[in-house]
file entry_29.txt (compact mmCIF, C-alpha atoms)
# COMPACT_ATOMS: atom_id res chain seq x y z
CA MET A 1 -43.26 28.55 2.45
CA MET A 2 -40.64 26.27 0.90
CA SER A 3 -38.79 27.89 -1.99
CA LYS A 4 -38.77 26.15 -5.35
CA GLN A 5 -35.05 25.54 -5.11
CA TYR A 6 -35.27 24.07 -1.63
CA LYS A 7 -38.21 21.92 -2.69
CA TYR A 8 -36.19 20.64 -5.63
CA GLU A 9 -33.13 19.85 -3.53
CA THR A 10 -35.29 17.98 -1.07
CA LEU A 11 -36.88 16.05 -3.92
CA VAL A 12 -33.51 15.12 -5.41
CA ARG A 13 -31.99 14.01 -2.13
CA ALA A 14 -35.07 12.07 -1.04
CA PHE A 15 -35.82 10.21 -4.26
CA HIS A 16 -32.79 10.09 -6.55
CA ALA A 17 -31.71 6.63 -5.33
CA ASP A 18 -35.09 4.94 -5.84
CA ILE A 19 -35.62 6.67 -9.17
CA TYR A 20 -32.17 5.66 -10.38
CA ARG A 21 -32.60 2.04 -9.29
CA TYR A 22 -35.97 1.86 -10.97
CA ALA A 23 -34.47 3.34 -14.15
CA VAL A 24 -31.65 0.79 -14.21
CA TRP A 25 -34.12 -2.09 -13.88
CA LEU A 26 -36.37 -0.61 -16.50
CA ILE A 27 -33.69 0.37 -19.01
CA ARG A 28 -31.06 -2.31 -18.27
CA ASP A 29 -28.15 0.00 -18.88
CA LYS A 30 -26.63 2.12 -16.14
CA SER A 31 -25.31 4.86 -18.32
CA ILE A 32 -28.55 5.35 -20.26
CA ALA A 33 -30.49 5.07 -17.01
CA GLU A 34 -28.45 7.89 -15.51
CA ASP A 35 -29.14 10.08 -18.55
CA VAL A 36 -32.87 9.36 -18.30
CA VAL A 37 -32.83 10.12 -14.56
CA GLN A 38 -31.14 13.41 -15.34
CA GLU A 39 -33.79 14.25 -17.95
CA THR A 40 -36.46 13.23 -15.47
CA PHE A 41 -35.25 15.55 -12.76
CA LEU A 42 -34.74 18.43 -15.17
CA ARG A 43 -38.32 18.03 -16.35
CA ALA A 44 -39.42 17.77 -12.73
CA TRP A 45 -37.67 21.07 -12.02
CA LYS A 46 -39.45 22.73 -14.91
CA SER A 47 -42.86 21.60 -13.75
CA LEU A 48 -42.25 21.55 -10.02
CA ASP A 49 -45.06 24.02 -9.43
CA SER A 50 -47.51 21.39 -10.64
CA LEU A 51 -46.53 19.07 -7.79
CA GLN A 52 -49.12 19.95 -5.19
CA ASP A 53 -49.21 16.82 -3.08
CA GLU A 54 -45.72 16.12 -1.78
CA HIS A 55 -46.75 12.65 -0.63
CA ALA A 56 -47.26 11.78 -4.28
CA ALA A 57 -43.79 12.98 -5.29
CA LYS A 58 -42.32 9.55 -5.93
CA ALA A 59 -45.21 8.46 -8.13
CA TRP A 60 -45.01 11.80 -9.95
CA LEU A 61 -41.30 11.29 -10.66
CA ILE A 62 -41.91 7.75 -11.87
CA THR A 63 -44.57 9.03 -14.26
CA ILE A 64 -42.08 11.54 -15.65
CA LEU A 65 -39.36 8.91 -15.89
CA ARG A 66 -41.56 6.47 -17.80
CA ARG A 67 -42.54 9.26 -20.19
CA GLU A 68 -38.91 10.26 -20.68
CA ASN A 69 -38.00 6.66 -21.35
CA ALA A 70 -40.78 6.37 -23.90
CA ARG A 71 -39.47 9.53 -25.57
CA ARG A 72 -36.06 7.94 -25.78
CA PHE A 73 -37.56 5.07 -27.72
CA GLU A 74 -39.43 7.45 -30.00
CA ARG A 75 -36.17 9.27 -30.70
CA LYS A 76 -34.31 6.07 -31.40
CA GLN A 77 -37.13 4.70 -33.52
CA LEU A 78 -36.88 1.45 -31.63
CA ASP A 79 -33.35 0.51 -32.54
CA LEU A 80 -33.07 -3.22 -32.25
CA VAL A 81 -30.77 -4.21 -29.44
CA ASP A 82 -29.89 -7.71 -28.46
CA ILE A 83 -30.75 -7.70 -24.78
CA ASP A 84 -28.27 -10.46 -24.09
CA ASP A 85 -25.55 -8.07 -25.20
CA VAL A 86 -26.73 -5.35 -22.88
CA VAL A 87 -27.69 -7.12 -19.71
CA THR A 88 -24.94 -8.38 -17.55
CA VAL A 89 -25.06 -9.26 -13.92
CA ASP A 90 -22.09 -6.98 -13.28
CA GLU A 91 -24.06 -4.06 -14.62
CA ARG A 92 -26.35 -4.33 -11.63
CA ALA A 93 -23.78 -5.52 -9.15
CA THR A 94 -24.47 -4.66 -5.54
CA SER A 95 -21.80 -4.08 -2.96
CA ASP A 96 -22.35 -7.65 -1.78
CA GLY A 97 -21.95 -9.25 -5.18
CA ASP A 98 -22.84 -12.73 -3.92
CA ALA A 99 -23.85 -15.54 -6.25
CA ASP A 100 -27.46 -15.77 -5.03
CA THR A 101 -28.04 -12.09 -5.67
CA ASP A 102 -26.45 -12.36 -9.10
CA ALA A 103 -28.70 -15.31 -9.91
CA LEU A 104 -31.71 -13.36 -8.75
CA HIS A 105 -30.70 -10.40 -10.93
CA ALA A 106 -30.52 -12.68 -13.93
CA ALA A 107 -33.85 -14.27 -13.02
CA ILE A 108 -35.55 -10.86 -12.79
CA ASP A 109 -34.23 -10.06 -16.23
CA GLN A 110 -35.81 -13.19 -17.62
CA LEU A 111 -39.24 -11.87 -16.69
CA ALA A 112 -41.25 -10.23 -19.42
CA ASP A 113 -41.52 -6.45 -18.94
CA GLU A 114 -45.24 -6.68 -18.26
CA TYR A 115 -44.45 -8.79 -15.19
CA LYS A 116 -41.17 -7.24 -14.19
CA GLU A 117 -42.33 -3.63 -14.10
CA PRO A 118 -45.21 -4.02 -11.61
CA LEU A 119 -43.04 -6.29 -9.49
CA ILE A 120 -40.28 -3.70 -9.27
CA MET A 121 -42.79 -0.95 -8.55
CA GLN A 122 -44.16 -2.98 -5.67
CA VAL A 123 -40.93 -4.30 -4.18
CA LEU A 124 -38.51 -1.44 -4.85
CA LEU A 125 -40.81 1.57 -4.70
CA GLY A 126 -43.36 0.23 -2.22
CA PHE A 127 -46.29 1.08 -4.51
CA SER A 128 -49.69 -0.40 -3.72
CA GLY A 129 -51.75 -2.32 -6.28
CA GLU A 130 -53.82 0.82 -6.90
CA GLU A 131 -50.74 2.99 -7.44
CA ILE A 132 -49.24 0.48 -9.87
CA ALA A 133 -52.55 0.26 -11.70
CA GLN A 134 -52.58 4.03 -12.05
CA GLN A 135 -48.99 4.16 -13.31
CA LEU A 136 -49.46 1.39 -15.85
CA GLN A 137 -53.02 2.36 -16.74
CA LEU A 138 -54.33 -1.08 -15.93
CA ASN A 139 -57.05 -2.20 -13.59
CA LYS A 140 -56.04 -3.42 -10.17
CA ASN A 141 -57.03 -7.04 -10.80
CA THR A 142 -54.75 -7.19 -13.81
CA VAL A 143 -51.93 -5.78 -11.73
CA MET A 144 -52.46 -8.36 -8.99
CA THR A 145 -52.51 -11.13 -11.58
CA ARG A 146 -49.26 -9.88 -13.07
CA LEU A 147 -47.65 -9.69 -9.65
CA PHE A 148 -48.76 -13.24 -8.96
CA ARG A 149 -47.36 -14.45 -12.29
CA ALA A 150 -44.14 -12.51 -11.85
CA ARG A 151 -43.40 -14.17 -8.52
CA SER A 152 -44.53 -17.57 -9.79
CA GLN A 153 -42.12 -17.32 -12.69
CA LEU A 154 -39.35 -16.03 -10.47
CA LYS A 155 -39.83 -18.91 -8.07
CA HIS A 156 -39.85 -21.33 -10.99
CA ILE A 157 -36.64 -19.90 -12.50
CA MET A 158 -34.85 -19.92 -9.15
CA THR A 159 -35.96 -23.50 -8.44
CA GLN A 160 -34.74 -24.61 -11.86
CA ASP A 161 -31.40 -22.92 -11.26
CA LYS A 162 -30.95 -24.76 -7.99
CA GLN A 163 -31.83 -28.07 -9.64
CA THR A 164 -29.36 -27.49 -12.45
CA GLY A 165 -26.67 -26.61 -9.95
CA GLY A 166 -26.39 -22.92 -10.43
CA PHE A 167 -27.12 -20.26 -12.94
CA ALA A 168 -25.01 -19.61 -15.96
CA ASN A 169 -24.98 -15.91 -16.60
CA GLY A 170 -26.00 -14.82 -20.10
CA MET B 1 -59.43 -21.05 1.37
CA ASP B 2 -58.42 -23.34 -1.47
CA GLU B 3 -54.80 -23.81 -2.51
CA LEU B 4 -55.01 -21.79 -5.72
CA THR B 5 -56.71 -18.79 -4.13
CA PHE B 6 -54.18 -18.85 -1.31
CA ARG B 7 -51.23 -18.97 -3.68
CA ARG B 8 -52.63 -16.26 -5.93
CA HIS B 9 -53.08 -14.03 -2.92
CA VAL B 10 -49.66 -14.44 -1.33
CA LEU B 11 -47.83 -14.38 -4.64
CA ALA B 12 -49.43 -11.02 -5.39
CA ASN B 13 -48.59 -9.74 -1.92
CA PRO B 14 -46.17 -11.89 0.12
CA PHE B 15 -46.52 -9.76 3.24
CA SER B 16 -50.30 -9.74 3.19
CA GLN B 17 -52.02 -9.17 6.52
CA ASP B 18 -55.32 -10.57 5.28
CA ALA B 19 -56.96 -12.47 8.16
CA GLN B 20 -58.29 -15.24 5.90
CA VAL B 21 -54.88 -15.84 4.39
CA ILE B 22 -53.23 -15.96 7.81
CA GLN B 23 -55.86 -18.40 9.04
CA ALA B 24 -55.48 -20.60 5.96
CA ALA B 25 -51.72 -20.79 6.56
CA HIS B 26 -52.22 -21.70 10.22
CA GLN B 27 -54.50 -24.55 9.28
CA ASP B 28 -52.32 -26.06 6.58
CA PRO B 29 -48.58 -26.74 7.01
CA VAL B 30 -48.09 -27.00 3.25
CA LYS B 31 -49.51 -23.53 2.73
CA GLN B 32 -47.51 -22.26 5.69
CA GLN B 33 -44.28 -23.65 4.20
CA PHE B 34 -45.06 -22.22 0.78
CA TRP B 35 -45.68 -18.79 2.31
CA HIS B 36 -42.54 -18.99 4.42
CA ASP B 37 -40.41 -19.82 1.34
CA LEU B 38 -42.06 -17.03 -0.58
CA LYS B 39 -41.29 -14.49 2.15
CA GLN B 40 -37.65 -15.58 2.09
CA GLN B 41 -37.59 -15.10 -1.67
CA GLU B 42 -39.20 -11.71 -1.24
CA LEU B 43 -36.54 -10.56 1.22
CA ALA B 44 -33.85 -11.73 -1.18
CA LEU B 45 -35.65 -9.88 -3.98
CA GLN B 46 -35.79 -6.68 -1.96
CA GLN B 47 -32.07 -6.99 -1.34
CA ALA B 48 -31.29 -7.78 -4.98
CA LEU B 49 -33.13 -4.72 -6.26
CA GLN B 50 -31.04 -2.40 -4.09
CA ILE B 51 -28.35 -1.89 -6.69
CA ASP B 52 -25.57 0.58 -5.97
CA VAL B 53 -26.31 4.21 -6.74
CA PRO B 54 -23.45 6.47 -7.90
CA HIS B 55 -22.37 8.31 -4.75
CA ASP B 56 -22.38 11.69 -6.46
CA LEU B 57 -25.64 11.29 -8.38
CA ALA B 58 -27.63 13.75 -6.24
CA ASP B 59 -24.90 16.35 -6.64
CA LYS B 60 -24.80 15.76 -10.40
CA LEU B 61 -28.55 16.21 -10.65
CA LEU B 62 -28.43 19.46 -8.70
CA TRP B 63 -25.48 20.65 -10.74
CA GLU B 64 -27.18 19.82 -14.01
CA GLN B 65 -30.28 21.74 -12.98
CA VAL B 66 -28.18 24.78 -12.13
CA SER B 67 -26.31 24.58 -15.42
CA GLN B 68 -29.49 24.27 -17.41
CA THR B 69 -31.30 27.05 -15.66
CA ASP B 70 -31.09 30.47 -17.22
CA THR B 71 -27.56 31.72 -16.61
CA ALA B 72 -28.98 35.14 -15.89
CA ASN B 73 -29.99 33.75 -12.53
CA PHE B 74 -26.40 33.12 -11.57
CA SER B 75 -24.57 36.14 -12.85
CA HIS B 76 -25.05 39.67 -11.68
CA PRO B 77 -28.72 40.32 -11.99
CA THR B 78 -29.50 42.97 -14.52
CA PRO B 79 -31.35 45.71 -12.71
CA PRO B 80 -34.67 46.72 -14.19
CA ARG B 81 -34.68 49.85 -16.31
CA ARG B 82 -35.30 52.93 -14.21
CA PRO B 83 -36.57 56.26 -15.41
CA LEU B 84 -34.15 59.22 -15.56
CA TRP B 85 -35.56 60.87 -12.44
CA PHE B 86 -34.73 57.75 -10.53
CA ALA B 87 -31.09 57.92 -11.61
CA ILE B 88 -30.83 61.57 -10.54
CA ALA B 89 -32.48 60.87 -7.20
CA ALA B 90 -30.22 57.91 -6.69
CA SER B 91 -27.07 59.92 -7.36
CA VAL B 92 -28.18 62.56 -4.86
CA LEU B 93 -28.86 59.91 -2.27
CA LEU B 94 -25.50 58.34 -2.92
CA SER B 95 -23.70 61.60 -2.36
CA ILE B 96 -25.21 62.02 1.12
CA SER B 97 -24.79 58.46 2.22
CA ILE B 98 -21.06 57.95 1.92
CA GLY B 99 -19.92 55.59 4.61
CA TRP B 100 -23.13 53.64 4.70
CA VAL B 101 -22.95 50.07 3.80
CA ASN B 102 -24.90 49.70 0.63
CA PHE B 103 -27.10 46.65 0.85
CA ASN B 104 -28.85 46.27 -2.43
CA SER B 105 -31.92 44.09 -2.41
CA LYS B 106 -30.22 41.20 -4.23
CA GLU B 107 -27.37 40.97 -1.71
CA HIS B 108 -29.71 41.26 1.21
CA THR B 109 -31.98 38.55 -0.14
CA PHE B 110 -29.01 36.34 -0.84
CA TYR B 111 -27.69 36.67 2.69
CA ASP B 112 -31.14 35.97 4.09
CA ASP B 113 -31.34 32.89 1.93
CA VAL B 114 -27.92 31.73 3.14
CA ILE B 115 -29.12 31.96 6.74
CA ALA B 116 -32.40 30.23 5.81
CA HIS B 117 -30.40 27.49 4.08
CA ILE B 118 -28.30 27.00 7.20
CA GLU B 119 -31.39 26.91 9.40
CA HIS B 120 -33.36 24.50 7.25
CA VAL B 121 -30.85 22.28 5.57
CA SER B 122 -27.67 22.11 7.66
CA THR B 123 -28.76 19.46 10.11
CA HIS B 124 -30.13 17.26 7.32
CA GLU B 125 -26.83 17.46 5.49
CA ILE B 126 -24.87 16.11 8.45
CA THR B 127 -25.34 12.39 8.03
CA GLY B 128 -22.51 11.14 10.19
CA ASP B 129 -20.66 9.78 7.15
CA VAL B 130 -16.93 10.39 7.06
CA ILE B 131 -16.08 13.06 4.49
CA THR B 132 -12.47 12.80 3.51
CA LEU B 133 -10.33 15.70 2.45
CA ALA B 134 -10.02 14.03 -0.98
CA ALA B 135 -13.82 13.91 -1.31
CA LEU B 136 -14.04 17.57 -0.36
CA ASN B 137 -11.32 18.48 -2.84
CA SER B 138 -13.09 16.61 -5.63
CA LYS B 139 -16.13 18.83 -5.03
CA LEU B 140 -14.01 21.95 -4.71
CA ALA B 141 -12.45 21.15 -8.07
CA LYS B 142 -15.59 22.42 -9.82
CA PHE B 143 -14.68 25.84 -8.47
CA GLY B 144 -10.99 25.35 -9.21
CA GLY B 145 -10.30 25.13 -5.48
CA VAL B 146 -8.14 22.87 -3.36
CA ILE B 147 -7.48 22.55 0.35
CA ASN B 148 -3.93 21.49 1.03
CA ALA B 149 -4.12 20.55 4.71
CA ALA B 150 -6.53 18.80 7.05
CA LEU B 151 -9.24 21.08 8.41
CA GLY B 152 -10.41 18.87 11.25
CA LYS B 153 -13.73 17.11 11.06
CA ILE B 154 -15.60 17.68 7.81
CA LEU B 155 -19.29 17.21 8.65
CA SER B 156 -20.76 17.65 5.17
CA ALA B 157 -19.92 18.90 1.70
CA ASN B 158 -22.83 19.35 -0.68
CA TYR B 159 -23.55 21.39 -3.73
CA CYS B 160 -26.54 23.61 -3.19
CA VAL B 161 -28.28 26.43 -4.95
CA ILE B 162 -29.13 29.48 -2.92
CA ASP B 163 -31.25 32.15 -4.50
CA GLY B 164 -30.21 30.81 -7.89
CA VAL B 165 -26.50 30.81 -7.01
CA GLU B 166 -24.65 27.55 -7.35
CA SER B 167 -22.40 26.97 -4.40
CA LEU B 168 -20.64 24.35 -2.36
CA HIS B 169 -21.73 24.21 1.27
CA VAL B 170 -19.18 22.69 3.62
CA GLN B 171 -19.82 22.24 7.32
CA LEU B 172 -16.96 21.91 9.77
CA GLY B 173 -16.35 21.64 13.49
CA ASP B 174 -18.87 20.64 16.11
CA PRO B 175 -21.94 18.80 14.70
CA ASP B 176 -24.16 20.58 17.24
CA ASN B 177 -22.85 24.02 16.30
CA PRO B 178 -21.28 23.62 12.88
CA THR B 179 -19.48 26.35 11.03
CA SER B 180 -20.66 26.76 7.44
CA VAL B 181 -18.33 27.54 4.58
CA PHE B 182 -19.94 28.49 1.27
CA ILE B 183 -17.82 28.48 -1.87
CA LEU B 184 -19.45 30.99 -4.19
CA PRO B 185 -18.81 32.12 -7.74
CA LYS B 186 -16.73 35.29 -7.95
CA ASP B 187 -19.62 37.33 -9.29
CA VAL B 188 -21.57 36.88 -6.09
CA THR B 189 -20.62 39.48 -3.56
CA VAL B 190 -21.83 39.60 0.00
CA THR B 191 -21.33 42.54 2.29
CA GLU B 192 -18.66 42.27 4.97
CA ALA B 193 -21.10 43.39 7.64
CA LEU B 194 -22.24 39.90 8.44
CA SER B 195 -21.68 39.50 12.13
CA THR B 196 -24.41 40.07 14.68
CA ASN B 197 -24.65 39.15 18.35
CA HIS B 198 -25.47 35.56 17.46
CA ILE B 199 -23.82 34.98 14.12
CA GLN B 200 -20.22 35.41 13.08
CA GLY B 201 -19.74 36.00 9.40
CA LYS B 202 -16.77 36.62 7.16
CA ILE B 203 -16.18 36.72 3.45
CA LEU B 204 -12.82 35.80 1.98
CA GLU B 205 -12.31 37.12 -1.50
CA TYR B 206 -10.21 35.14 -3.93
CA GLN B 207 -9.40 35.91 -7.53
CA SER B 208 -11.87 33.40 -8.90
CA ALA B 209 -14.29 32.76 -6.06
CA ASN B 210 -15.68 34.17 -2.86
CA VAL B 211 -15.86 32.18 0.32
CA LEU B 212 -18.47 32.97 2.90
CA ILE B 213 -17.93 31.60 6.40
CA ILE B 214 -20.72 31.65 8.96
CA GLY B 215 -20.73 30.26 12.47
CA THR B 216 -22.26 30.78 15.86
CA VAL B 217 -19.40 29.84 18.16
CA SER B 218 -16.87 32.61 18.12
CA GLN B 219 -13.74 30.61 18.90
CA THR B 220 -14.43 27.79 16.44
CA PHE B 221 -15.44 30.30 13.80
CA SER B 222 -12.16 32.16 14.16
CA GLN B 223 -10.08 28.99 14.03
CA ILE B 224 -11.87 27.70 10.94
CA THR B 225 -11.68 31.07 9.22
CA GLU B 226 -7.96 31.15 9.86
CA GLN B 227 -7.50 27.60 8.57
CA ILE B 228 -9.51 28.31 5.44
CA ALA B 229 -7.52 31.45 4.79
CA GLN B 230 -4.27 29.52 5.16
CA HIS B 231 -5.07 26.31 3.33
CA LEU B 232 -7.69 27.02 0.67
CA ALA B 233 -6.38 28.03 -2.72
CA PHE B 234 -7.93 28.51 -6.14
CA SER B 235 -6.10 27.69 -9.31
CA ARG B 236 -8.16 29.75 -11.71

call {"tool": "encode", "arguments": {"input": "entry_29.txt", "output": "structure tokens"}}
result
Amino acid sequence: MMSKQYKYETLVRAFHADIYRYAVWLIRDKSIAEDVVQETFLRAWKSLDSLQDEHAAKAWLITILRRENARRFERKQLDLVDIDDVVTVDERATSDGDADTDALHAAIDQLADEYKEPLIMQVLLGFSGEEIAQQLQLNKNTVMTRLFRARSQLKHIMTQDKQTGGFANG
Amino acid sequence: MDELTFRRHVLANPFSQDAQVIQAAHQDPVKQQFWHDLKQQELALQQALQIDVPHDLADKLLWEQVSQTDTANFSHPTPPRRPLWFAIAASVLLSISIGWVNFNSKEHTFYDDVIAHIEHVSTHEITGDVITLAALNSKLAKFGGVINAALGKILSANYCVIDGVESLHVQLGDPDNPTSVFILPKDVTVTEALSTNHIQGKILEYQSANVLIIGTVSQTFSQITEQIAQHLAFSR
């Protein structure tokens, strides 16, 4: 039988990248995202015995991460932050760093959280409509509607950018 | 399928395999074009979401877990209280067993776990990525160690926790028969009697750390042990 430590190492190595990327998109700040990922994995370690179905590990970690992020807001008592000050394209820069990707990053950030979050869960994490519904405590139809609106808006923003000859960051 | 239903469907799931959706696209070039553009956008979106991950994040997470876990797990384990008769019996036993290697249960379990770690994890740790000497030294720095000359091909260098002991596991030599080098805290001792018919084992004791070397190919094992002994130093 797999030891707890080995199970944990496997969990970290298999999922840390997806969990981190999701955290950055959710939180919009790399440094805070890394802290929340760290909290998430520590909490996962503490309750690793409760993870029975290893196929559900990613969803389990995302549940913990969302809870940890919510706790962060409770602790901060919803400090008001001007998102424009926090979000920069560079913050999410990929190794490619091309203009189209940067424009897409900015477009994703223009989406309201209620549209962005299911979209990222689907595209980045590969979650099904049912899994997203479970995570966000919504019914599946609502999730599908939000996914539809998210992509509609994204398409609209990207089309506008092209018509206006490029996207001005910030 | 009407335009709105089609769009709602593919916008919710651009790579849908729904037969009705596929048929609707085949029958209508406008729908087909819309879907094609959407799939392109989706591929770009997938790419855009793949932001860079700090290269040492997994190691940091493992390290943090070790640091947060009860330190009693990493130092010499405190033996459970024994009754007086046990102490007397033990001292008698000790007096008649001089010359025997004393494997206590903790050491034995630790060595077993090291072997289990090698068996289960080693191949997964060898990813084919180039590990530079600088990268290895940056990991060794947490133990105050430094290697001052090239050791040949470094196959992997990962922090790991074995039986609650934080260590750095380095693999060197032939990817098919790698030699493992474990950098261990000083308070972890492993018996010298490591070698069997199949496994070569050696512990190098430094002032601030112990280094356990395990391999299966005698010649490579000896060369690597010699190189480690010559070029690995600890500053604290």

call {"tool": "closest_atom_pairs", "arguments": {"input": "entry_29.txt", "of": "chain B", "to": "chain A", "cutoff": "10 Å", "atoms": "all atoms listed in the file", "output": "CSV"}}
result
residue,atom,partner,partner_atom,distance
B:Arg7,CA,A:Phe148,CA,8.2
B:Arg8,CA,A:Phe148,CA,5.8
B:His9,CA,A:Phe148,CA,7.5
B:Val10,CA,A:Phe148,CA,7.8
B:Leu11,CA,A:Phe148,CA,4.6
B:Ala12,CA,A:Phe148,CA,4.3
B:Asn13,CA,A:Leu147,CA,7.8
B:Pro14,CA,A:Arg151,CA,9.4
B:Asp37,CA,A:Lys155,CA,9.5
B:Leu38,CA,A:Lys155,CA,8.0
B:Gln41,CA,A:Lys155,CA,7.8
B:Glu42,CA,A:Val123,CA,8.2
B:Leu43,CA,A:Val123,CA,9.4
B:Ala44,CA,A:Thr101,CA,7.4
B:Leu45,CA,A:Leu104,CA,7.1
B:Gln46,CA,A:Val123,CA,6.1
B:Gln47,CA,A:Thr101,CA,7.8
B:Ala48,CA,A:Thr101,CA,5.4
B:Leu49,CA,A:Leu124,CA,6.5
B:Gln50,CA,A:Arg21,CA,7.0
B:Ile51,CA,A:Thr94,CA,4.9
B:Asp52,CA,A:Thr94,CA,5.4
B:Val53,CA,A:Ala17,CA,6.1
B:Pro54,CA,A:Ala17,CA,8.7
B:His55,CA,A:Ala17,CA,9.5
B:Leu57,CA,A:His16,CA,7.5
B:Ala58,CA,A:Arg13,CA,6.0
B:Asp59,CA,A:Arg13,CA,8.7
B:Lys60,CA,A:Gln38,CA,8.4
B:Leu61,CA,A:Gln38,CA,6.0
B:Leu62,CA,A:Glu9,CA,7.0
B:Glu64,CA,A:Gln38,CA,7.7
B:Gln65,CA,A:Leu42,CA,6.0
B:Val66,CA,A:Leu42,CA,9.6
B:Gln68,CA,A:Leu42,CA,8.2
B:Thr69,CA,A:Lys46,CA,9.3
B:Asp113,CA,A:Ser3,CA,9.8
B:His117,CA,A:Tyr6,CA,8.2
B:His120,CA,A:Tyr6,CA,9.1
B:Val121,CA,A:Tyr6,CA,8.6
B:His124,CA,A:Thr10,CA,9.9
B:Glu125,CA,A:Arg13,CA,9.8
B:Tyr159,CA,A:Glu9,CA,9.7
B:Cys160,CA,A:Glu9,CA,7.6
B:Val161,CA,A:Gln5,CA,6.8
B:Ile162,CA,A:Gln5,CA,7.4
B:Asp163,CA,A:Gln5,CA,7.6
B:Gly164,CA,A:Gln5,CA,7.7

call {"tool": "write_last_selection", "arguments": {"input": "entry_29.txt", "atoms": "C-alpha atoms", "output": "CSV table (one decimal), in the coordinates of the input"}}
result
chain,number,residue,atom,x,y,z
B,7,ARG,CA,-51.2,-19.0,-3.7
B,8,ARG,CA,-52.6,-16.3,-5.9
B,9,HIS,CA,-53.1,-14.0,-2.9
B,10,VAL,CA,-49.7,-14.4,-1.3
B,11,LEU,CA,-47.8,-14.4,-4.6
B,12,ALA,CA,-49.4,-11.0,-5.4
B,13,ASN,CA,-48.6,-9.7,-1.9
B,14,PRO,CA,-46.2,-11.9,0.1
B,37,ASP,CA,-40.4,-19.8,1.3
B,38,LEU,CA,-42.1,-17.0,-0.6
B,41,GLN,CA,-37.6,-15.1,-1.7
B,42,GLU,CA,-39.2,-11.7,-1.2
B,43,LEU,CA,-36.5,-10.6,1.2
B,44,ALA,CA,-33.8,-11.7,-1.2
B,45,LEU,CA,-35.6,-9.9,-4.0
B,46,GLN,CA,-35.8,-6.7,-2.0
B,47,GLN,CA,-32.1,-7.0,-1.3
B,48,ALA,CA,-31.3,-7.8,-5.0
B,49,LEU,CA,-33.1,-4.7,-6.3
B,50,GLN,CA,-31.0,-2.4,-4.1
B,51,ILE,CA,-28.4,-1.9,-6.7
B,52,ASP,CA,-25.6,0.6,-6.0
B,53,VAL,CA,-26.3,4.2,-6.7
B,54,PRO,CA,-23.4,6.5,-7.9
B,55,HIS,CA,-22.4,8.3,-4.8
B,57,LEU,CA,-25.6,11.3,-8.4
B,58,ALA,CA,-27.6,13.8,-6.2
B,59,ASP,CA,-24.9,16.4,-6.6
B,60,LYS,CA,-24.8,15.8,-10.4
B,61,LEU,CA,-28.6,16.2,-10.6
B,62,LEU,CA,-28.4,19.5,-8.7
B,64,GLU,CA,-27.2,19.8,-14.0
B,65,GLN,CA,-30.3,21.7,-13.0
B,66,VAL,CA,-28.2,24.8,-12.1
B,68,GLN,CA,-29.5,24.3,-17.4
B,69,THR,CA,-31.3,27.0,-15.7
B,113,ASP,CA,-31.3,32.9,1.9
B,117,HIS,CA,-30.4,27.5,4.1
B,120,HIS,CA,-33.4,24.5,7.2
B,121,VAL,CA,-30.8,22.3,5.6
B,124,HIS,CA,-30.1,17.3,7.3
B,125,GLU,CA,-26.8,17.5,5.5
B,159,TYR,CA,-23.6,21.4,-3.7
B,160,CYS,CA,-26.5,23.6,-3.2
B,161,VAL,CA,-28.3,26.4,-5.0
B,162,ILE,CA,-29.1,29.5,-2.9
B,163,ASP,CA,-31.2,32.2,-4.5
B,164,GLY,CA,-30.2,30.8,-7.9

call {"tool": "closest_residue", "arguments": {"input": "entry_29.txt", "among": "A:Ala70, A:Lys7, A:Asp161, A:Pro118", "to": "Lys140 (chain A)", "atoms": "only C-alpha atoms"}}
result
A:Pro118

call {"tool": "atom_distance", "arguments": {"input": "entry_29.txt", "atom1": "CA of Asp174 (chain B)", "atom2": "CA of Ile154 (chain B)"}}
result
9.4 Å

call {"tool": "residues_around", "arguments": {"input": "entry_29.txt", "residues": "region 176-182 of chain B", "least_positions_apart": "5", "cutoff": "9 Å", "atoms": "only C-alpha atoms", "output": "JSON, numbers by chain"}}
result
{"B": [114, 118, 122, 123, 155, 167, 168, 169, 170, 171, 210, 211, 212, 213, 214, 215, 216, 217, 220, 221, 224, 225, 228]}

call {"tool": "atom_distance", "arguments": {"input": "entry_29.txt", "atom1": "CA of Phe234 (chain B)", "atom2": "CA of Gly144 (chain B)"}}
result
5.4 Å

call {"tool": "atom_distance", "arguments": {"input": "entry_29.txt", "atom1": "CA of Glu205 (chain B)", "atom2": "CA of Tyr111 (chain B)"}}
result
15.9 Å

call {"tool": "residues_around", "arguments": {"input": "entry_29.txt", "residues": "Ile22 (chain B)", "least_positions_apart": "4", "cutoff": "12 Å", "atoms": "all atoms listed in the file", "output": "list in words"}}
result
Met1, Phe6, His9, Val10, Pro14, Phe15, Ser16, Gln17, Asp18, His26, Gln27, Asp28, Pro29, Lys31, Gln32, Trp35 and His36 of chain B

call {"tool": "residues_around", "arguments": {"input": "entry_29.txt", "residues": "Leu151 (chain B)", "least_positions_apart": "3", "cutoff": "10 Å", "atoms": "only C-alpha atoms", "output": "JSON, numbers by chain"}}
result
{"B": [133, 147, 148, 154, 172, 173, 223, 224, 227, 228, 231, 232]}

call {"tool": "closest_residue", "arguments": {"input": "entry_29.txt", "among": "B:Asp56, B:Ile131, B:Lys139, B:Gln33", "to": "Gly152 (chain B)", "atoms": "all atoms listed in the file"}}
result
B:Ile131

call {"tool": "closest_residue", "arguments": {"input": "entry_29.txt", "among": "B:Val21, B:Ser156, B:Ala229, B:Gly201", "to": "Ala135 (chain B)", "atoms": "all atoms listed in the file"}}
result
B:Ser156
